[in-house]
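Trainee: The structure is given below, and queries will be raised subsequently.
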Amino acid sequence: MVDALAGLKDREYFTRDDDLVFCTVLGGFLDDMWVRRRYYRAIDDAGLRRIRFHDLRHCFGSMAITVLDGYAVQSYMGHQHYSTTQRYLHHKPRPHDAELLHGAFAGDSVSPAVSRNGDIERNSAQLVDAETPD
């Protein structure tokens with residue numbers, strides 16, 4: 001793709017830095033329906049299952065959140081509010097959760113969690129053990 005975009009500077013017209021990469025024959029903005037028609041034609045020509053053009057945006061968000069933090073995804077997607085980006089968080093992998101949950105349900109000793117303000121949070125079983133005289 002980099003080579004294809006670099007080759008655009010060799011075209012006869014619209015080679016200035018402020019010219020559009022994808023434009024009409026007169027150098028103007030493309031109509032959104034033109035883009036959609038080209039998109040659907042390319043889908044059909046490739047023999048692919050049709051998905052809505054807007055679904056590409058959701059696909060990007062779902063894939064990006066697996067490797068980027070939510071605020072980076074918010075920036076790339078242009079969301080004004082983080083709450084809009086949060087709809088993609090269910091796609092975020094959390095590989096260690098299963099191990100932690102297994103330990104909790106198996107009764108393994110779990111080290112105390114430290115809260116944001118630095119206090120140690122203990123579960124109820126740890127509190128009962130600490131208060132019971134030997």
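Each chain in the structure tokens gets a letter, A, B and so on, in the order shown; residues start at 1 in every chain, and ligands are counted from 1 in the order they appear.
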Please identify all polymer residues within 12 Å of Met63 in chain A, counting only C-alpha atoms, omitting same-chain residues fewer than 2 positions from it, and present them as a tab-separated table (two decimals) with N, CA and C atoms, in the first residue's frame.

Mentor:
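Resulting contents of selection22.tsv:
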```tsv
chain	number	residue	atom	x	y	z
A	56	LEU	N	-17.21	-2.11	8.40
A	56	LEU	CA	-15.75	-2.04	8.38
A	56	LEU	C	-15.24	-1.24	9.58
A	57	ARG	N	-15.97	-0.21	9.94
A	57	ARG	CA	-15.60	0.63	11.10
A	57	ARG	C	-15.68	-0.20	12.38
A	58	HIS	N	-16.75	-0.97	12.53
A	58	HIS	CA	-16.89	-1.81	13.72
A	58	HIS	C	-15.82	-2.89	13.75
A	59	CYS	N	-15.49	-3.42	12.60
A	59	CYS	CA	-14.43	-4.42	12.52
A	59	CYS	C	-13.11	-3.82	12.99
A	60	PHE	N	-12.82	-2.61	12.54
A	60	PHE	CA	-11.59	-1.94	12.97
A	60	PHE	C	-11.57	-1.78	14.49
A	61	GLY	N	-12.67	-1.27	15.05
A	61	GLY	CA	-12.72	-1.06	16.50
A	61	GLY	C	-12.53	-2.34	17.27
A	65	ILE	N	-8.97	-2.85	19.52
A	65	ILE	CA	-9.03	-2.92	20.99
A	65	ILE	C	-8.28	-4.13	21.53
A	66	THR	N	-8.03	-5.13	20.68
A	66	THR	CA	-7.29	-6.31	21.15
A	66	THR	C	-5.81	-6.02	21.34
A	67	VAL	N	-5.30	-4.96	20.73
A	67	VAL	CA	-3.87	-4.66	20.85
A	67	VAL	C	-3.57	-3.25	21.35
A	68	LEU	N	-4.56	-2.39	21.36
A	68	LEU	CA	-4.36	-1.01	21.80
A	68	LEU	C	-5.19	-0.72	23.04
A	69	ASP	N	-4.79	0.31	23.78
A	69	ASP	CA	-5.62	0.70	24.91
A	69	ASP	C	-6.84	1.47	24.40
A	70	GLY	N	-7.85	1.56	25.23
A	70	GLY	CA	-9.10	2.18	24.84
A	70	GLY	C	-8.97	3.62	24.38
A	73	VAL	N	-7.77	3.73	20.80
A	73	VAL	CA	-8.86	3.37	19.90
A	73	VAL	C	-9.84	4.53	19.78
A	88	TYR	N	-16.57	-1.47	22.52
A	88	TYR	CA	-15.63	-2.43	21.95
A	88	TYR	C	-14.82	-3.17	23.02
A	89	LEU	N	-14.93	-2.77	24.27
A	89	LEU	CA	-14.10	-3.35	25.32
A	89	LEU	C	-14.37	-4.83	25.56
A	90	HIS	N	-15.55	-5.32	25.22
A	90	HIS	CA	-15.81	-6.75	25.44
A	90	HIS	C	-14.96	-7.62	24.51
A	91	HIS	N	-14.31	-7.01	23.53
A	91	HIS	CA	-13.41	-7.75	22.64
A	91	HIS	C	-11.98	-7.79	23.19
A	92	LYS	N	-11.71	-7.05	24.26
A	92	LYS	CA	-10.36	-6.97	24.82
A	92	LYS	C	-10.00	-8.29	25.50
A	93	PRO	N	-8.96	-8.97	25.03
A	93	PRO	CA	-8.59	-10.24	25.65
A	93	PRO	C	-7.98	-10.02	27.04
```

Trainee: So how many Å separate CA of Val25 in chain A and CA of Arg11 in chain A, to one decimal?

Mentor: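 The value is 12.3 Å.
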